[in-house]
>>> print(open('entry.pdb').read())   # PDB, C-alpha atoms, pLDDT in the B column
ATOM      1  CA  MET A   3     121.903 119.251  97.921  1.00 79.00           C
ATOM      2  CA  GLU A   4     122.297 119.821 101.664  1.00 87.00           C
ATOM      3  CA  PRO A   5     120.035 117.756 103.927  1.00 94.00           C
ATOM      4  CA  PHE A   6     116.797 119.379 105.038  1.00 97.00           C
ATOM      5  CA  GLU A   7     116.842 120.557 108.641  1.00 98.00           C
ATOM      6  CA  ASN A   8     113.298 119.290 109.201  1.00 98.00           C
ATOM      7  CA  ARG A   9     109.930 119.203 107.453  1.00 98.00           C
ATOM      8  CA  SER A  10     109.443 122.941 107.955  1.00 97.00           C
ATOM      9  CA  ASP A  11     112.692 123.682 106.146  1.00 98.00           C
ATOM     10  CA  ALA A  12     111.660 121.255 103.390  1.00 98.00           C
ATOM     11  CA  GLY A  13     108.251 122.924 103.110  1.00 98.00           C
ATOM     12  CA  ARG A  14     109.751 126.380 102.729  1.00 98.00           C
ATOM     13  CA  ARG A  15     112.164 125.234 100.025  1.00 98.00           C
ATOM     14  CA  LEU A  16     109.465 123.311  98.170  1.00 98.00           C
ATOM     15  CA  ALA A  17     107.072 126.268  98.358  1.00 98.00           C
ATOM     16  CA  ALA A  18     109.702 128.521  96.791  1.00 97.00           C
ATOM     17  CA  ALA A  19     110.047 126.103  93.870  1.00 97.00           C
ATOM     18  CA  LEU A  20     106.293 125.831  93.361  1.00 97.00           C
ATOM     19  CA  GLU A  21     105.725 129.583  93.463  1.00 93.00           C
ATOM     20  CA  GLY A  22     107.533 129.812  90.123  1.00 87.00           C
ATOM     21  CA  ILE A  23     105.085 127.440  88.411  1.00 93.00           C
ATOM     22  CA  ASP A  24     101.751 128.422  86.872  1.00 91.00           C
ATOM     23  CA  LEU A  25      99.223 126.488  88.968  1.00 95.00           C
ATOM     24  CA  GLU A  26      95.610 127.250  88.096  1.00 92.00           C
ATOM     25  CA  ARG A  27      93.279 127.241  91.119  1.00 96.00           C
ATOM     26  CA  PRO A  28      95.514 124.963  93.209  1.00 98.00           C
ATOM     27  CA  VAL A  29      94.429 122.773  96.106  1.00 98.00           C
ATOM     28  CA  VAL A  30      97.288 121.431  98.216  1.00 98.00           C
ATOM     29  CA  LEU A  31      96.857 117.860  99.446  1.00 98.00           C
ATOM     30  CA  GLY A  32      99.224 116.560 102.116  1.00 97.00           C
ATOM     31  CA  LEU A  33      99.836 112.844 102.478  1.00 95.00           C
ATOM     32  CA  PRO A  34      99.521 111.977 106.170  1.00 91.00           C
ATOM     33  CA  ARG A  35     101.282 112.039 108.270  1.00 92.00           C
ATOM     34  CA  GLY A  36     104.717 113.390 107.352  1.00 95.00           C
ATOM     35  CA  GLY A  37     103.597 115.156 104.197  1.00 97.00           C
ATOM     36  CA  VAL A  38     101.119 117.431 105.969  1.00 97.00           C
ATOM     37  CA  PRO A  39     103.644 119.754 107.732  1.00 98.00           C
ATOM     38  CA  VAL A  40     105.382 120.204 104.369  1.00 98.00           C
ATOM     39  CA  ALA A  41     102.070 120.766 102.586  1.00 98.00           C
ATOM     40  CA  ALA A  42     100.888 123.322 105.153  1.00 97.00           C
ATOM     41  CA  LEU A  43     103.757 125.664 104.285  1.00 97.00           C
ATOM     42  CA  VAL A  44     103.236 125.113 100.567  1.00 98.00           C
ATOM     43  CA  ALA A  45      99.514 125.919 100.859  1.00 97.00           C
ATOM     44  CA  ARG A  46     100.206 129.087 102.812  1.00 96.00           C
ATOM     45  CA  ALA A  47     102.785 130.267 100.270  1.00 96.00           C
ATOM     46  CA  LEU A  48     100.442 129.575  97.348  1.00 96.00           C
ATOM     47  CA  GLY A  49      97.383 131.011  99.094  1.00 95.00           C
ATOM     48  CA  ALA A  50      95.655 127.693  98.416  1.00 97.00           C
ATOM     49  CA  PRO A  51      93.291 125.480 100.440  1.00 96.00           C
ATOM     50  CA  LEU A  52      94.919 122.652 102.399  1.00 97.00           C
ATOM     51  CA  ASP A  53      93.430 119.184 102.713  1.00 96.00           C
ATOM     52  CA  VAL A  54      94.630 115.649 103.295  1.00 95.00           C
ATOM     53  CA  LEU A  55      94.531 112.805 100.846  1.00 93.00           C
ATOM     54  CA  VAL A  56      94.630 109.705 102.988  1.00 91.00           C
ATOM     55  CA  VAL A  57      96.560 106.738 101.649  1.00 88.00           C
ATOM     56  CA  ARG A  58      97.931 103.642 103.349  1.00 88.00           C
ATOM     57  CA  LYS A  59     100.905 101.552 102.400  1.00 86.00           C
ATOM     58  CA  LEU A  60     100.387  97.797 102.090  1.00 92.00           C
ATOM     59  CA  GLY A  61     103.447  96.386 103.809  1.00 92.00           C
ATOM     60  CA  VAL A  62     104.931  92.957 103.199  1.00 93.00           C
ATOM     61  CA  PRO A  63     104.097  90.503 106.028  1.00 94.00           C
ATOM     62  CA  GLY A  64     106.946  90.596 108.547  1.00 91.00           C
ATOM     63  CA  GLN A  65     108.510  93.565 106.717  1.00 89.00           C
ATOM     64  CA  PRO A  66     105.871  96.309 107.003  1.00 87.00           C
ATOM     65  CA  GLU A  67     108.310  98.992 105.848  1.00 80.00           C
ATOM     66  CA  VAL A  68     108.530  97.318 102.409  1.00 84.00           C
ATOM     67  CA  ALA A  69     105.615  98.443 100.232  1.00 84.00           C
ATOM     68  CA  MET A  70     103.901  95.843  98.070  1.00 91.00           C
ATOM     69  CA  GLY A  71     101.255  98.404  97.171  1.00 88.00           C
ATOM     70  CA  ALA A  72      99.013 101.112  98.563  1.00 87.00           C
ATOM     71  CA  ILE A  73      95.351 101.965  98.969  1.00 90.00           C
ATOM     72  CA  GLY A  74      93.563 105.315  99.087  1.00 86.00           C
ATOM     73  CA  GLU A  75      90.214 107.018  99.289  1.00 83.00           C
ATOM     74  CA  GLU A  76      87.632 106.275  96.604  1.00 78.00           C
ATOM     75  CA  ALA A  77      88.606 102.554  96.823  1.00 82.00           C
ATOM     76  CA  ALA A  78      91.836 103.273  94.915  1.00 82.00           C
ATOM     77  CA  ARG A  79      94.532 100.603  94.970  1.00 87.00           C
ATOM     78  CA  VAL A  80      97.884  99.975  93.304  1.00 85.00           C
ATOM     79  CA  LEU A  81      99.992  96.835  93.697  1.00 88.00           C
ATOM     80  CA  ASN A  82     103.663  96.160  93.129  1.00 85.00           C
ATOM     81  CA  ASP A  83     103.484  92.665  91.656  1.00 90.00           C
ATOM     82  CA  ASP A  84     107.268  92.242  91.640  1.00 89.00           C
ATOM     83  CA  VAL A  85     107.425  92.747  95.416  1.00 90.00           C
ATOM     84  CA  ILE A  86     104.418  90.487  96.002  1.00 94.00           C
ATOM     85  CA  ASP A  87     105.995  87.690  93.954  1.00 94.00           C
ATOM     86  CA  ALA A  88     109.463  88.105  95.511  1.00 93.00           C
ATOM     87  CA  ALA A  89     108.024  88.007  99.044  1.00 92.00           C
ATOM     88  CA  TYR A  90     105.706  85.055  98.244  1.00 95.00           C
ATOM     89  CA  VAL A  91     102.667  86.926  99.532  1.00 94.00           C
ATOM     90  CA  SER A  92      99.532  84.818  99.162  1.00 95.00           C
ATOM     91  CA  PRO A  93      96.175  86.245  98.005  1.00 94.00           C
ATOM     92  CA  GLY A  94      94.790  85.617 101.495  1.00 95.00           C
ATOM     93  CA  GLU A  95      97.617  87.526 103.173  1.00 95.00           C
ATOM     94  CA  LEU A  96      97.181  90.416 100.760  1.00 96.00           C
ATOM     95  CA  ARG A  97      93.436  90.464 101.393  1.00 95.00           C
ATOM     96  CA  ASP A  98      93.882  90.483 105.195  1.00 96.00           C
ATOM     97  CA  ILE A  99      96.454  93.288 105.093  1.00 96.00           C
ATOM     98  CA  GLU A 100      94.318  95.377 102.770  1.00 95.00           C
ATOM     99  CA  ARG A 101      91.257  94.908 104.991  1.00 95.00           C
ATOM    100  CA  ARG A 102      93.212  96.026 108.070  1.00 95.00           C
ATOM    101  CA  GLU A 103      94.682  99.051 106.305  1.00 95.00           C
ATOM    102  CA  ARG A 104      91.300 100.034 104.902  1.00 94.00           C
ATOM    103  CA  LEU A 105      89.895 100.183 108.442  1.00 95.00           C
ATOM    104  CA  GLU A 106      92.807 102.386 109.518  1.00 93.00           C
ATOM    105  CA  LEU A 107      92.353 104.599 106.459  1.00 91.00           C
ATOM    106  CA  ASP A 108      88.684 105.180 107.304  1.00 91.00           C
ATOM    107  CA  ALA A 109      89.558 105.942 110.931  1.00 91.00           C
ATOM    108  CA  ARG A 110      92.160 108.506 109.895  1.00 90.00           C
ATOM    109  CA  LEU A 111      89.747 110.188 107.521  1.00 87.00           C
ATOM    110  CA  ALA A 112      87.335 110.721 110.404  1.00 88.00           C
ATOM    111  CA  ARG A 113      90.117 111.868 112.721  1.00 89.00           C
ATOM    112  CA  PHE A 114      91.780 114.311 110.333  1.00 90.00           C
ATOM    113  CA  ARG A 115      88.746 115.860 108.640  1.00 84.00           C
ATOM    114  CA  GLY A 116      86.495 115.833 111.688  1.00 79.00           C
ATOM    115  CA  GLY A 117      83.430 115.188 109.587  1.00 78.00           C
ATOM    116  CA  GLU A 118      84.208 117.972 107.118  1.00 82.00           C
ATOM    117  CA  PRO A 119      83.853 117.086 103.412  1.00 87.00           C
ATOM    118  CA  PRO A 120      86.993 117.037 101.255  1.00 90.00           C
ATOM    119  CA  VAL A 121      87.933 120.204  99.397  1.00 93.00           C
ATOM    120  CA  PRO A 122      86.412 119.900  95.885  1.00 94.00           C
ATOM    121  CA  LEU A 123      88.982 119.184  93.173  1.00 96.00           C
ATOM    122  CA  ALA A 124      86.840 119.336  90.031  1.00 96.00           C
ATOM    123  CA  GLY A 125      88.531 121.490  87.416  1.00 96.00           C
ATOM    124  CA  ARG A 126      91.357 122.484  89.766  1.00 98.00           C
ATOM    125  CA  THR A 127      95.071 121.702  90.086  1.00 98.00           C
ATOM    126  CA  ALA A 128      95.758 119.107  92.783  1.00 98.00           C
ATOM    127  CA  VAL A 129      99.212 119.627  94.289  1.00 98.00           C
ATOM    128  CA  ILE A 130      99.957 116.402  96.169  1.00 98.00           C
ATOM    129  CA  VAL A 131     102.726 116.883  98.726  1.00 98.00           C
ATOM    130  CA  ASP A 132     104.733 114.322 100.690  1.00 97.00           C
ATOM    131  CA  ASP A 133     107.943 114.619 102.694  1.00 97.00           C
ATOM    132  CA  GLY A 134     109.651 112.305 100.213  1.00 97.00           C
ATOM    133  CA  VAL A 135     109.115 109.427  97.805  1.00 95.00           C
ATOM    134  CA  ALA A 136     110.764 106.021  98.164  1.00 91.00           C
ATOM    135  CA  THR A 137     108.790 103.369  96.263  1.00 86.00           C
ATOM    136  CA  GLY A 138     106.196 105.781  94.860  1.00 90.00           C
ATOM    137  CA  ALA A 139     103.250 103.510  95.717  1.00 85.00           C
ATOM    138  CA  THR A 140     101.431 106.003  97.938  1.00 87.00           C
ATOM    139  CA  ALA A 141     102.059 108.897  95.548  1.00 92.00           C
ATOM    140  CA  ARG A 142     100.692 106.866  92.642  1.00 91.00           C
ATOM    141  CA  VAL A 143      97.467 105.931  94.392  1.00 90.00           C
ATOM    142  CA  ALA A 144      97.046 109.518  95.614  1.00 93.00           C
ATOM    143  CA  ALA A 145      97.323 110.820  92.040  1.00 95.00           C
ATOM    144  CA  ARG A 146      94.643 108.388  90.913  1.00 91.00           C
ATOM    145  CA  VAL A 147      92.308 109.483  93.694  1.00 91.00           C
ATOM    146  CA  ALA A 148      92.770 113.133  92.707  1.00 95.00           C
ATOM    147  CA  LYS A 149      92.005 112.365  89.072  1.00 93.00           C
ATOM    148  CA  ALA A 150      88.938 110.345  90.083  1.00 89.00           C
ATOM    149  CA  ARG A 151      87.690 113.423  91.942  1.00 91.00           C
ATOM    150  CA  GLY A 152      87.917 115.476  88.776  1.00 94.00           C
ATOM    151  CA  ALA A 153      91.228 117.296  89.171  1.00 97.00           C
ATOM    152  CA  ALA A 154      92.146 118.929  85.874  1.00 97.00           C
ATOM    153  CA  ARG A 155      95.858 118.596  86.619  1.00 98.00           C
ATOM    154  CA  VAL A 156      97.836 116.593  89.173  1.00 98.00           C
ATOM    155  CA  VAL A 157     101.225 117.818  90.356  1.00 98.00           C
ATOM    156  CA  LEU A 158     103.290 115.618  92.667  1.00 98.00           C
ATOM    157  CA  ALA A 159     105.610 117.694  94.841  1.00 98.00           C
ATOM    158  CA  MET A 160     108.216 116.446  97.284  1.00 98.00           C
ATOM    159  CA  PRO A 161     111.561 117.567  98.706  1.00 98.00           C
ATOM    160  CA  VAL A 162     113.398 114.336  97.872  1.00 98.00           C
ATOM    161  CA  GLY A 163     112.713 111.205  95.859  1.00 97.00           C
ATOM    162  CA  ALA A 164     114.253 108.005  94.551  1.00 95.00           C
ATOM    163  CA  PRO A 165     115.156 108.544  90.874  1.00 95.00           C
ATOM    164  CA  ASP A 166     113.776 105.184  89.701  1.00 94.00           C
ATOM    165  CA  SER A 167     110.461 105.718  91.468  1.00 94.00           C
ATOM    166  CA  LEU A 168     110.092 109.217  90.071  1.00 96.00           C
ATOM    167  CA  GLY A 169     110.710 107.847  86.591  1.00 95.00           C
ATOM    168  CA  SER A 170     107.871 105.357  86.912  1.00 93.00           C
ATOM    169  CA  LEU A 171     105.586 108.008  88.424  1.00 96.00           C
ATOM    170  CA  ALA A 172     106.260 110.345  85.504  1.00 96.00           C
ATOM    171  CA  ALA A 173     104.957 107.632  83.169  1.00 95.00           C
ATOM    172  CA  ASP A 174     101.693 107.235  85.092  1.00 95.00           C
ATOM    173  CA  PRO A 175      98.770 108.764  83.165  1.00 95.00           C
ATOM    174  CA  ALA A 176      97.329 110.191  86.408  1.00 95.00           C
ATOM    175  CA  VAL A 177     100.449 112.338  86.958  1.00 97.00           C
ATOM    176  CA  ASP A 178     100.797 115.537  84.942  1.00 97.00           C
ATOM    177  CA  GLU A 179     103.935 116.994  86.528  1.00 97.00           C
ATOM    178  CA  ILE A 180     106.514 116.218  89.210  1.00 98.00           C
ATOM    179  CA  VAL A 181     108.395 118.800  91.268  1.00 98.00           C
ATOM    180  CA  CYS A 182     111.231 117.281  93.298  1.00 98.00           C
ATOM    181  CA  LEU A 183     114.085 119.276  94.818  1.00 97.00           C
ATOM    182  CA  SER A 184     116.567 116.409  95.179  1.00 97.00           C
ATOM    183  CA  THR A 185     116.939 113.057  93.390  1.00 96.00           C
ATOM    184  CA  PRO A 186     120.125 111.615  94.909  1.00 94.00           C
ATOM    185  CA  ARG A 187     121.838 108.642  93.345  1.00 91.00           C
ATOM    186  CA  GLY A 188     122.108 105.713  95.702  1.00 89.00           C
ATOM    187  CA  PHE A 189     118.840 106.701  97.401  1.00 94.00           C
ATOM    188  CA  VAL A 190     118.141 104.491 100.430  1.00 91.00           C
ATOM    189  CA  SER A 191     115.424 106.183 102.475  1.00 93.00           C
ATOM    190  CA  VAL A 192     113.646 109.515 102.828  1.00 95.00           C
ATOM    191  CA  GLY A 193     114.758 109.987 106.426  1.00 95.00           C
ATOM    192  CA  MET A 194     118.436 109.948 105.487  1.00 95.00           C
ATOM    193  CA  HIS A 195     117.962 113.324 103.798  1.00 96.00           C
ATOM    194  CA  TYR A 196     116.653 115.080 106.923  1.00 97.00           C
ATOM    195  CA  LEU A 197     118.634 116.094 109.993  1.00 97.00           C
ATOM    196  CA  ASP A 198     115.439 115.852 112.038  1.00 97.00           C
ATOM    197  CA  PHE A 199     112.908 113.296 110.779  1.00 97.00           C
ATOM    198  CA  THR A 200     110.831 113.023 113.944  1.00 96.00           C
ATOM    199  CA  GLN A 201     107.520 111.266 113.328  1.00 95.00           C
ATOM    200  CA  THR A 202     104.522 113.538 112.824  1.00 96.00           C
ATOM    201  CA  SER A 203     101.639 112.806 115.197  1.00 94.00           C
ATOM    202  CA  ASP A 204      97.941 112.528 114.378  1.00 92.00           C
ATOM    203  CA  ASP A 205      97.296 115.513 116.652  1.00 93.00           C
ATOM    204  CA  GLU A 206      99.783 117.652 114.730  1.00 95.00           C
ATOM    205  CA  VAL A 207      98.099 116.739 111.429  1.00 94.00           C
ATOM    206  CA  ALA A 208      94.652 117.602 112.808  1.00 91.00           C
ATOM    207  CA  GLU A 209      95.899 120.924 114.221  1.00 93.00           C
ATOM    208  CA  LEU A 210      97.496 121.963 110.926  1.00 95.00           C
ATOM    209  CA  LEU A 211      94.310 121.168 109.006  1.00 93.00           C
ATOM    210  CA  GLU A 212      92.101 122.989 111.497  1.00 90.00           C
ATOM    211  CA  ALA A 213      94.371 126.047 111.391  1.00 91.00           C
ATOM    212  CA  ALA A 214      94.183 126.042 107.568  1.00 90.00           C
ATOM    213  CA  ARG A 215      90.388 125.770 107.619  1.00 85.00           C
ATOM    214  CA  SER A 216      90.207 128.681 110.066  1.00 84.00           C
ATOM    215  CA  ARG A 217      92.301 130.882 107.757  1.00 80.00           C
ATOM    216  CA  GLU A 218      90.128 129.998 104.775  1.00 69.00           C
TER
END
>>> encode(input="entry.pdb", output="structure tokens")
Amino acid sequence: MEPFENRSDAGRRLAAALEGIDLERPVVLGLPRGGVPVAALVARALGAPLDVLVVRKLGVPGQPEVAMGAIGEEAARVLNDDVIDAAYVSPGELRDIERRERLELDARLARFRGGEPPVPLAGRTAVIVDDGVATGATARVAARVAKARGAARVVLAMPVGAPDSLGSLAADPAVDEIVCLSTPRGFVSVGMHYLDFTQTSDDEVAELLEAARSRE
């Protein structure tokens, strides 16, 4: 598949794929920050509410881009024990990193939702959208949060993903379906599959969510 021009192009292509699926009473949940511009276009195409589902990667000490796990709302947490063991991460280091990321998660919740409550998920289809999946840690914890909130069905949707990670996500009991446009062999990083992978700002996320709330 050709690279995506940017997140808007990815969102349009992903929305087209999702429009062909029977999604009962969907709520679209973008994973901040890069997943929200993609999710905004999906929500508009589906005529569904848009919200964020805030998760934070737990990065290996000295290698923050390497995920040893992730945390999310509702005190959700998943750990990649293989990475923790390989990187010799001590329980104290893990605890300190999780505490720091939990503070950042709470701050982002306040910043992005502006005091508004989350969109209710009970009995609805949660469509969790990111701009891509590498390790799958954040997607996995997001799915568990959605299920904990009562979502009847959880659909993970992304433009591109690592085949191995998608395989393990498909086996997770919190995940009911995965929609991924591209699963390239030899996957290295999400950004390699975009011509423009400029970082999404907090302000952009907040503006997209406010615009969606205004339409609703």
>>> closest_residue(input="entry.pdb", among="A:Val143, A:Leu33, A:Ala12, A:Ala89", to="A:Val54", atoms="all atoms listed in the file")
A:Leu33
>>> atom_distance(input="entry.pdb", atom1="atom CA of A:Thr185", atom2="atom CA of A:Pro66")
24.3 Å
>>> closest_atom_pairs(input="entry.pdb", of="stretch 24-58 of chain A", to="stretch 202-218 of chain A", cutoff="10 Å", atoms="all atoms listed in the file", output="Markdown table")
| residue | atom | partner | partner_atom | distance |
| --- | --- | --- | --- | --- |
| A:Gly32 | CA | A:Val207 | CA | 9.4 |
| A:Leu33 | CA | A:Val207 | CA | 9.9 |
| A:Pro34 | CA | A:Val207 | CA | 7.2 |
| A:Arg35 | CA | A:Thr202 | CA | 5.8 |
| A:Gly36 | CA | A:Thr202 | CA | 5.5 |
| A:Gly37 | CA | A:Thr202 | CA | 8.8 |
| A:Val38 | CA | A:Val207 | CA | 6.3 |
| A:Pro39 | CA | A:Leu210 | CA | 7.3 |
| A:Ala41 | CA | A:Leu210 | CA | 9.6 |
| A:Ala42 | CA | A:Leu210 | CA | 6.8 |
| A:Leu43 | CA | A:Leu210 | CA | 9.8 |
| A:Ala45 | CA | A:Ala214 | CA | 8.6 |
| A:Arg46 | CA | A:Ala214 | CA | 8.3 |
| A:Gly49 | CA | A:Glu218 | CA | 9.3 |
| A:Ala50 | CA | A:Glu218 | CA | 8.7 |
| A:Pro51 | CA | A:Glu218 | CA | 7.0 |
| A:Leu52 | CA | A:Ala214 | CA | 6.2 |
| A:Asp53 | CA | A:Leu211 | CA | 6.7 |
| A:Val54 | CA | A:Leu211 | CA | 7.9 |
>>> closest_residue(input="entry.pdb", among="A:Arg27, A:Arg110, A:Arg142, A:Arg126", to="A:Asn82", atoms="all atoms listed in the file")
A:Arg142
>>> closest_residue(input="entry.pdb", among="A:Val157, A:Leu55, A:Ser184, A:Ala173", to="A:Asp24", atoms="only C-alpha atoms")
A:Val157
>>> atom_distance(input="entry.pdb", atom1="atom CA of A:Val68", atom2="atom CA of A:Asp108")
21.9 Å
>>> decode(input="entry.pdb", residues="stretch 20-83 of chain A", atoms="C-alpha atoms", output="PDB file, in the first residue's frame")
ATOM      1  CA  LEU A  20     -15.230   1.398   8.593  1.00  0.00           C
ATOM      2  CA  GLU A  21     -18.310   2.678   6.778  1.00  0.00           C
ATOM      3  CA  GLY A  22     -18.714  -0.801   5.291  1.00  0.00           C
ATOM      4  CA  ILE A  23     -18.928  -2.457   8.720  1.00  0.00           C
ATOM      5  CA  ASP A  24     -22.073  -2.801  10.827  1.00  0.00           C
ATOM      6  CA  LEU A  25     -21.253  -0.778  13.951  1.00  0.00           C
ATOM      7  CA  GLU A  26     -24.142  -0.497  16.394  1.00  0.00           C
ATOM      8  CA  ARG A  27     -24.308   2.876  18.173  1.00  0.00           C
ATOM      9  CA  PRO A  28     -20.599   3.639  17.710  1.00  0.00           C
ATOM     10  CA  VAL A  29     -18.494   5.983  19.816  1.00  0.00           C
ATOM     11  CA  VAL A  30     -15.131   6.872  18.290  1.00  0.00           C
ATOM     12  CA  LEU A  31     -12.249   7.124  20.754  1.00  0.00           C
ATOM     13  CA  GLY A  32      -8.983   8.666  19.580  1.00  0.00           C
ATOM     14  CA  LEU A  33      -5.736   7.817  21.325  1.00  0.00           C
ATOM     15  CA  PRO A  34      -3.899  11.081  21.998  1.00  0.00           C
ATOM     16  CA  ARG A  35      -2.197  12.621  20.499  1.00  0.00           C
ATOM     17  CA  GLY A  36      -1.645  11.308  16.972  1.00  0.00           C
ATOM     18  CA  GLY A  37      -4.748   9.143  16.885  1.00  0.00           C
ATOM     19  CA  VAL A  38      -7.163  12.027  17.438  1.00  0.00           C
ATOM     20  CA  PRO A  39      -6.851  13.697  13.975  1.00  0.00           C
ATOM     21  CA  VAL A  40      -7.467  10.276  12.412  1.00  0.00           C
ATOM     22  CA  ALA A  41     -10.377   9.583  14.761  1.00  0.00           C
ATOM     23  CA  ALA A  42     -11.992  12.968  14.088  1.00  0.00           C
ATOM     24  CA  LEU A  43     -12.476  12.116  10.413  1.00  0.00           C
ATOM     25  CA  VAL A  44     -13.724   8.636  11.263  1.00  0.00           C
ATOM     26  CA  ALA A  45     -16.277  10.038  13.735  1.00  0.00           C
ATOM     27  CA  ARG A  46     -17.539  12.568  11.217  1.00  0.00           C
ATOM     28  CA  ALA A  47     -17.934   9.907   8.520  1.00  0.00           C
ATOM     29  CA  LEU A  48     -19.791   7.570  10.885  1.00  0.00           C
ATOM     30  CA  GLY A  49     -21.911  10.337  12.408  1.00  0.00           C
ATOM     31  CA  ALA A  50     -20.637   9.203  15.806  1.00  0.00           C
ATOM     32  CA  PRO A  51     -19.545  11.041  18.970  1.00  0.00           C
ATOM     33  CA  LEU A  52     -15.809  11.676  19.325  1.00  0.00           C
ATOM     34  CA  ASP A  53     -13.927  11.362  22.596  1.00  0.00           C
ATOM     35  CA  VAL A  54     -10.408  10.625  23.758  1.00  0.00           C
ATOM     36  CA  LEU A  55      -9.242   7.581  25.620  1.00  0.00           C
ATOM     37  CA  VAL A  56      -6.081   8.682  27.354  1.00  0.00           C
ATOM     38  CA  VAL A  57      -3.292   6.141  27.644  1.00  0.00           C
ATOM     39  CA  ARG A  58       0.406   6.522  28.373  1.00  0.00           C
ATOM     40  CA  LYS A  59       3.261   4.334  27.291  1.00  0.00           C
ATOM     41  CA  LEU A  60       5.665   3.124  29.978  1.00  0.00           C
ATOM     42  CA  GLY A  61       9.046   3.583  28.344  1.00  0.00           C
ATOM     43  CA  VAL A  62      12.202   1.699  29.248  1.00  0.00           C
ATOM     44  CA  PRO A  63      14.619   3.845  31.316  1.00  0.00           C
ATOM     45  CA  GLY A  64      17.054   5.518  28.921  1.00  0.00           C
ATOM     46  CA  GLN A  65      15.026   4.265  25.934  1.00  0.00           C
ATOM     47  CA  PRO A  66      11.622   5.939  26.372  1.00  0.00           C
ATOM     48  CA  GLU A  67      10.541   5.020  22.841  1.00  0.00           C
ATOM     49  CA  VAL A  68      10.644   1.305  23.770  1.00  0.00           C
ATOM     50  CA  ALA A  69       7.388   0.307  25.474  1.00  0.00           C
ATOM     51  CA  MET A  70       7.583  -2.010  28.469  1.00  0.00           C
ATOM     52  CA  GLY A  71       3.876  -1.487  29.057  1.00  0.00           C
ATOM     53  CA  ALA A  72       1.127   1.108  29.170  1.00  0.00           C
ATOM     54  CA  ILE A  73      -1.385   2.614  31.562  1.00  0.00           C
ATOM     55  CA  GLY A  74      -4.833   4.093  30.961  1.00  0.00           C
ATOM     56  CA  GLU A  75      -7.883   5.571  32.597  1.00  0.00           C
ATOM     57  CA  GLU A  76      -9.746   3.497  35.176  1.00  0.00           C
ATOM     58  CA  ALA A  77      -6.347   2.426  36.640  1.00  0.00           C
ATOM     59  CA  ALA A  78      -5.802   0.068  33.685  1.00  0.00           C
ATOM     60  CA  ARG A  79      -2.297  -1.282  33.147  1.00  0.00           C
ATOM     61  CA  VAL A  80      -0.589  -3.821  30.901  1.00  0.00           C
ATOM     62  CA  LEU A  81       3.066  -4.844  31.105  1.00  0.00           C
ATOM     63  CA  ASN A  82       5.391  -6.454  28.603  1.00  0.00           C
ATOM     64  CA  ASP A  83       7.359  -8.753  30.895  1.00  0.00           C
TER      65      ASP A  83
END
